[in-house]
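Chemist: Got a structure here, written out as structure tokens. Questions coming.
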Protein chains: 2
Amino acid sequence: MSQITDSMTEVMQYIEDHKETYLEWLRDMARQPSVAAQNRGMKEMAEMVARYFQEQLGVPIESYPTDGHPVLYAHLGSPFDGAKTLAFYNHYDIQPEDPVELWESPPFAAEERNGKIYARGISDNKANLVARLAAVHAYLQVKKKLPLNLKFFIEGEEEIGSVHLPQFTERHADLLKADGMIWEFGGQTEDGQPEVFLGVKGMLYVELVAYGANSDLHSSVAAVIENPAWRLVWALATLKNEQEKVLIDGFYDRVIPPTDDEKELLEEMPYNEQRILDRLELDGFLLDLEGAALKEKLLFQPTCTICGIHSGYTGEGSKTVLPSEASVKLDFRLVKDQDPHEILQLLRDHLNRHGFSDLEIRVFSAQKAARTDLHHPLVKAVVRSAQTSWGQTPAILLTSPGTGPMYTLAEQFGIAAVSVGVDYPGSNAHAPNENVVIDNFVRGIKHMAALFEEFAAK
Amino acid sequence: MSQITDSMTEVMQYIEDHKETYLEWLRDMARQPSVAAQNRGMKEMAEMVARYFQEQLGVPIESYPTDGHPVLYAHLGSPFDGAKTLAFYNHYDIQPEDPVELWESPPFAAEERNGKIYARGISDNKANLVARLAAVHAYLQVKKKLPLNLKFFIEGEEEIGSVHLPQFTERHADLLKADGMIWEFGGQTEDGQPEVFLGVKGMLYVELVAYGANSDLHSSVAAVIENPAWRLVWALATLKNEQEKVLIDGFYDRVIPPTDDEKELLEEMPYNEQRILDRLELDGFLLDLEGAALKEKLLFQPTCTICGIHSGYTGEGSKTVLPSEASVKLDFRLVKDQDPHEILQLLRDHLNRHGFSDLEIRVFSAQKAARTDLHHPLVKAVVRSAQTSWGQTPAILLTSPGTGPMYTLAEQFGIAAVSVGVDYPGSNAHAPNENVVIDNFVRGIKHMAALFEEFAAK
């Protein structure tokens, strides 16, 4: 153990000495737009990732085509007999940057201010990708040999629901063998304690579209011509009530309340309510929830969220128009055992039963939730290496309230996955002024380098 | 009477001979954007109108400033003793042109196709403005003297609710004397019969805004953070039900059902339901209404219409975001005796009572309805001159389902107003591919020229 610590000191020092280089890698990647939803910069970003692996780690990226953006894969072998295999899951796509007018610096300038770097996609998840790449680089520079085999799975459609990832996993199941997988995201609590997530929620993302006349009309005829915006509003009002209860028959059938053990972990889970409210300038949480009930809602309850709604004239001033079309983007965050395809059918049935059979449903993504056992060796290795690198025992969360293809890529292949990363509560992921704290990024590199030895030694 | 007819033949011939010139005036004006809602091209358009009055009619435009866009006024005197005064109401502003991608030619190209000219604002109401200008021009060219005094009131904010017109009418009430006023719009039924409108509906146009956290957030936190889009949907669902009944207490208190006479006129009112449905590619009208009930709903019932709604991400693909703000633009078309300011108070009370006191209400316009007596001499003169110019007896409609400041500019000063124009059911006012039929435009010029003598002779 002392030997590990000694040799790791050298790696840590190397990271400290070369942090400006790794920061430049990060800014380079953050300057490249890669918006999967708009198919913007995706090819360029994939090429940039491949270049870094080749030039900095000396391994080629294998690009596996899908009907969407390709999945990138890289493998680094260990010379030690019986070495374990650790996999990483990241993505090279990012969210759209709008509303761009709310950014304080251009979304792809990667501007540094107050010890942070601001760019769309930097926290979700380019900083984590680069931190892992940098950890391998530093480790190899100092120690020349890896103590375990590493696999990188880097997909290009995480932000649009990993639509084509199942094509990859079905065709290349042989690649999906590992003793553990580090997932793409993670950060700190409001009080600065690092977080370790043992799972993700599932997701059904749909767009509902209502149609009226074949053209927008002068709103004076709204007295006698159907308005698709009203139909959409009425349909939505049947989906969820003001007590936040989803009204779709059967929606909660597979939702399991937390066990006593899980309730205990929820009690212990850090969640600084006042800091969160202060940061968001809110008076309270939904339904005035607090304490354990609030945390249970966040982690153990599914959601139905309007992510976007649009119809008619939404520019400046007034326009008296009867819209010809109305649409809403809805995400359902699902908990373990809820099946997105089943929920989709329940939604369709619900709309039909309430007189909205004319509403079109477009499906954007469907993913199952995933959960890793608290007692898996990877969890301990992640916790111990966090203690080394962050100087703190991390908080363990039973699941993230967020979503990802953890079931598709890991759980269905029996691979335990744990999610950690370099975010913090002010990262603004998916929002304007997304950023990472430079110190966190450096700690994230150290955490991953320490994990190599911790997990190899288990 | 035969003298009038003889001399009018010469005016009609002049219009026929010079229609290409008048068409060029129209295209010139249609090429100039003048979007009041966006303050785009308004000054240029006002200057263009002034230039036409000066150069073609030899009279100056007087520009009366308001806190918004100025009201333009022109006066042409008649040399005959005791000559009547006929006023015109038009506007030089137009609706925004979006959604621009649905236009088949650029909205300001004024392209001619199949006997029509396409441009934003051409039917509403530049063609009517130019037709009136051309009628005066032709009449003066042929007959040198006008048989009545003419007044033109041309405002710049009709499409944004004539917000500052009351400033003009309060300061310059002395100008608002006339024996009758021709209003800005009108057209033909589905069967080509010209229409004469004896009134307009009132209007309350508001925007409701709901606020959430101080920034868009990752939608995973929607489990515990309030979503303003949902709040807006729930608030809207309390305003109107699926039977199209507005649920605001007191909303219908001043709504008067049609009298027996009015019911008879409704029965006679042409309304080719099948053609309308075919044109709009619809299976039926709202609530499957038809016949007299449909027409009564259109003319005698107030509305509550979603003209636009927006929140969150509405671009391509999916984005998992919890929006920080949601807004809806609503227009209430009001019937005679409903007071928009009273309705606004009822709306505020309603929202407060239903737990939505946090929703902001922004008021864009508030106008009362207006109605002219069927037996006023102006109505007869408009009908007779329509018979001359269109070769048909027009249909008389008790009111338009549309709105305008007829109360503000005419009814409150005891001026009877009648609305006629050169639209047709395919004009696409307020919609993409707005257009006028060139033949209608020419007939509209003739109608106005004929009206000068008909009304002068009464």
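Residue names in the structure tokens use chain letters A, B, ... in the order shown, residue numbers from 1 in each chain, and ligand numbers from 1 in the order shown.
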Identify every residue of chain B that has at least one atom within 7 Å of any atom of chain A, counting only C-alpha atoms, and report the result as a PyMOL selection string.
Modeler: chain B and resi 37-38+95+160+213-214+216-218+220-226+229-230+233-234+237+280-282+285-286+294+297-298+303+305-314+316-323+331+364+401-402+428-431
Chemist: Using DSSP secondary structure from the backbone, list all strand (DSSP E or B) positions within range 142-214 of chain B, as a count of residues only.
Modeler: 29
Chemist: Give me the residues near range 255-266 of chain B as a VMD selection string, where near means some atom within 9 Å (using only C-alpha atoms) and where sequence neighbours in that chain fewer than 2 positions away do not count.
Modeler: chain B and resid 251 to 253 268 to 270 292 295 to 296 299 to 302 334 to 338 396 to 398
Chemist: Okay, now the selection with N, CA and C atoms, as an mmCIF file, in the first residue's frame?
Modeler:
data_model
loop_
_atom_site.group_PDB
_atom_site.id
_atom_site.type_symbol
_atom_site.label_atom_id
_atom_site.label_comp_id
_atom_site.auth_asym_id
_atom_site.auth_seq_id
_atom_site.Cartn_x
_atom_site.Cartn_y
_atom_site.Cartn_z
ATOM 1 N N PHE B 251 -67.531 36.627 -17.379
ATOM 2 C CA PHE B 251 -67.071 36.901 -18.742
ATOM 3 C C PHE B 251 -68.233 37.131 -19.704
ATOM 4 N N TYR B 252 -69.321 36.386 -19.511
ATOM 5 C CA TYR B 252 -70.444 36.464 -20.458
ATOM 6 C C TYR B 252 -71.551 37.417 -19.989
ATOM 7 N N ASP B 253 -71.330 38.092 -18.848
ATOM 8 C CA ASP B 253 -72.411 38.890 -18.247
ATOM 9 C C ASP B 253 -72.989 39.937 -19.199
ATOM 10 N N GLU B 268 -79.830 34.814 -43.317
ATOM 11 C CA GLU B 268 -79.589 35.191 -44.719
ATOM 12 C C GLU B 268 -78.104 35.300 -45.056
ATOM 13 N N MET B 269 -77.316 35.503 -44.038
ATOM 14 C CA MET B 269 -75.881 35.749 -44.248
ATOM 15 C C MET B 269 -75.233 34.575 -44.987
ATOM 16 N N PRO B 270 -74.577 34.889 -46.112
ATOM 17 C CA PRO B 270 -73.937 33.794 -46.851
ATOM 18 C C PRO B 270 -72.720 33.270 -46.097
ATOM 19 N N ALA B 292 -77.062 28.459 -38.687
ATOM 20 C CA ALA B 292 -77.237 29.701 -37.930
ATOM 21 C C ALA B 292 -76.424 29.697 -36.629
ATOM 22 N N LYS B 295 -72.893 30.693 -37.408
ATOM 23 C CA LYS B 295 -72.761 32.125 -37.701
ATOM 24 C C LYS B 295 -72.958 32.971 -36.442
ATOM 25 N N GLU B 296 -73.856 32.533 -35.582
ATOM 26 C CA GLU B 296 -74.064 33.266 -34.330
ATOM 27 C C GLU B 296 -72.805 33.200 -33.466
ATOM 28 N N LEU B 299 -70.192 35.672 -34.956
ATOM 29 C CA LEU B 299 -70.423 37.116 -34.866
ATOM 30 C C LEU B 299 -70.882 37.592 -33.490
ATOM 31 N N PHE B 300 -71.552 36.747 -32.734
ATOM 32 C CA PHE B 300 -72.166 37.213 -31.487
ATOM 33 C C PHE B 300 -71.534 36.652 -30.223
ATOM 34 N N GLN B 301 -70.505 35.823 -30.377
ATOM 35 C CA GLN B 301 -69.875 35.251 -29.185
ATOM 36 C C GLN B 301 -68.429 35.738 -29.047
ATOM 37 N N PRO B 302 -68.015 36.055 -27.847
ATOM 38 C CA PRO B 302 -66.612 36.418 -27.615
ATOM 39 C C PRO B 302 -65.729 35.171 -27.651
ATOM 40 N N LEU B 334 -64.037 40.492 -28.198
ATOM 41 C CA LEU B 334 -65.179 40.841 -27.355
ATOM 42 C C LEU B 334 -66.345 41.336 -28.203
ATOM 43 N N VAL B 335 -67.553 41.130 -27.704
ATOM 44 C CA VAL B 335 -68.733 41.605 -28.438
ATOM 45 C C VAL B 335 -69.226 42.901 -27.800
ATOM 46 N N LYS B 336 -70.158 43.525 -28.501
ATOM 47 C CA LYS B 336 -70.700 44.824 -28.074
ATOM 48 C C LYS B 336 -71.064 44.784 -26.588
ATOM 49 N N ASP B 337 -70.700 45.845 -25.901
ATOM 50 C CA ASP B 337 -70.970 46.063 -24.470
ATOM 51 C C ASP B 337 -69.961 45.387 -23.541
ATOM 52 N N GLN B 338 -69.182 44.432 -24.024
ATOM 53 C CA GLN B 338 -68.106 43.914 -23.161
ATOM 54 C C GLN B 338 -67.000 44.973 -23.089
ATOM 55 N N ILE B 396 -74.706 41.802 -46.344
ATOM 56 C CA ILE B 396 -74.498 42.686 -45.200
ATOM 57 C C ILE B 396 -74.271 41.844 -43.953
ATOM 58 N N LEU B 397 -73.166 42.094 -43.276
ATOM 59 C CA LEU B 397 -72.859 41.367 -42.044
ATOM 60 C C LEU B 397 -72.929 42.326 -40.870
ATOM 61 N N LEU B 398 -73.618 41.903 -39.828
ATOM 62 C CA LEU B 398 -73.870 42.786 -38.688
ATOM 63 C C LEU B 398 -72.573 43.233 -38.019
#
Chemist: Nearest residue to Asn90 in chain A out of A:Arg113, A:Arg120, A:Lys177, A:Lys151, using only C-alpha atoms?
Modeler: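 Closest residue, counting only C-alpha atoms: A:Lys151.
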Chemist: What lies within 9 Å of Ala46 in chain B using only C-alpha atoms, ignoring chain neighbours under 2 positions off, as an MDAnalysis selection string?
Modeler: chainID B and resid 34 41:44 48:51 63 70 72 92:93 156
Chemist: Here is a test: counting only C-alpha atoms, which residue of A:Leu176, A:Ala210, A:Ala109, A:Leu409 is nearest to His164 in chain A?
Modeler: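 Distance minimum relative to His164 in chain A lands on A:Leu409.
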Chemist: When DSSP works through the backbone of this structure, what residues of range 136-367 of chain B end up as alpha helix (DSSP H), shown as a ChimeraX atom specification?
Modeler: /B:136-143,165-171,228-239,260-268,273-280,291-300,340-353
Chemist: Please provide as a list in words all residues within 9 Å of Arg31 in chain B, with the sequence filter that same-chain residues fewer than 2 positions apart are discarded (counting only C-alpha atoms).
Modeler: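 Counting only the stated atoms, we get Leu26, Arg27, Asp28, Met29, Pro33, Pro107, Phe108, Ala109, Ala110, Ala119 and Arg120 of chain B.
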Chemist: Looking at B:Val163, B:Thr9, B:Pro147, B:Thr189, which one is nearest to Ser389 in chain B, with distances taken over only C-alpha atoms?
Modeler: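 With only C-alpha atoms as the atom set, the closest residue is B:Thr9.
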Chemist: Name the residues in contact with range 390-395 of chain A at a cut-off of 8 Å, using only C-alpha atoms, excluding same-chain residues fewer than 2 positions from it; report them as number ranges by chain.
Modeler: A: 193-196, 269-270, 383-384, 386-388, 397, 443, 447
Chemist: Using CA of Ala134 in chain A and CA of Phe185 in chain A as the two end points, give the distance in Å to one decimal.
Modeler: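 These atoms are spaced 16.3 Å apart.
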Chemist: Write out as a PyMOL selection string each polymer residue whose atoms come within 12 Å of Asn440 in chain A, counting only C-alpha atoms; drop sequence neighbours fewer than 5 positions from it.
Modeler: chain A and resi 19+23+115-117+123+127-128+131+186-188+192-194+386+389-390+420-424+427+435+445-447
Chemist: To one decimal in Å, tell me the separation between CA of Glu20 in chain B and CA of Phe88 in chain B.
Modeler: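 Separation of CA of Glu20 in chain B and CA of Phe88 in chain B: 23.7 Å.
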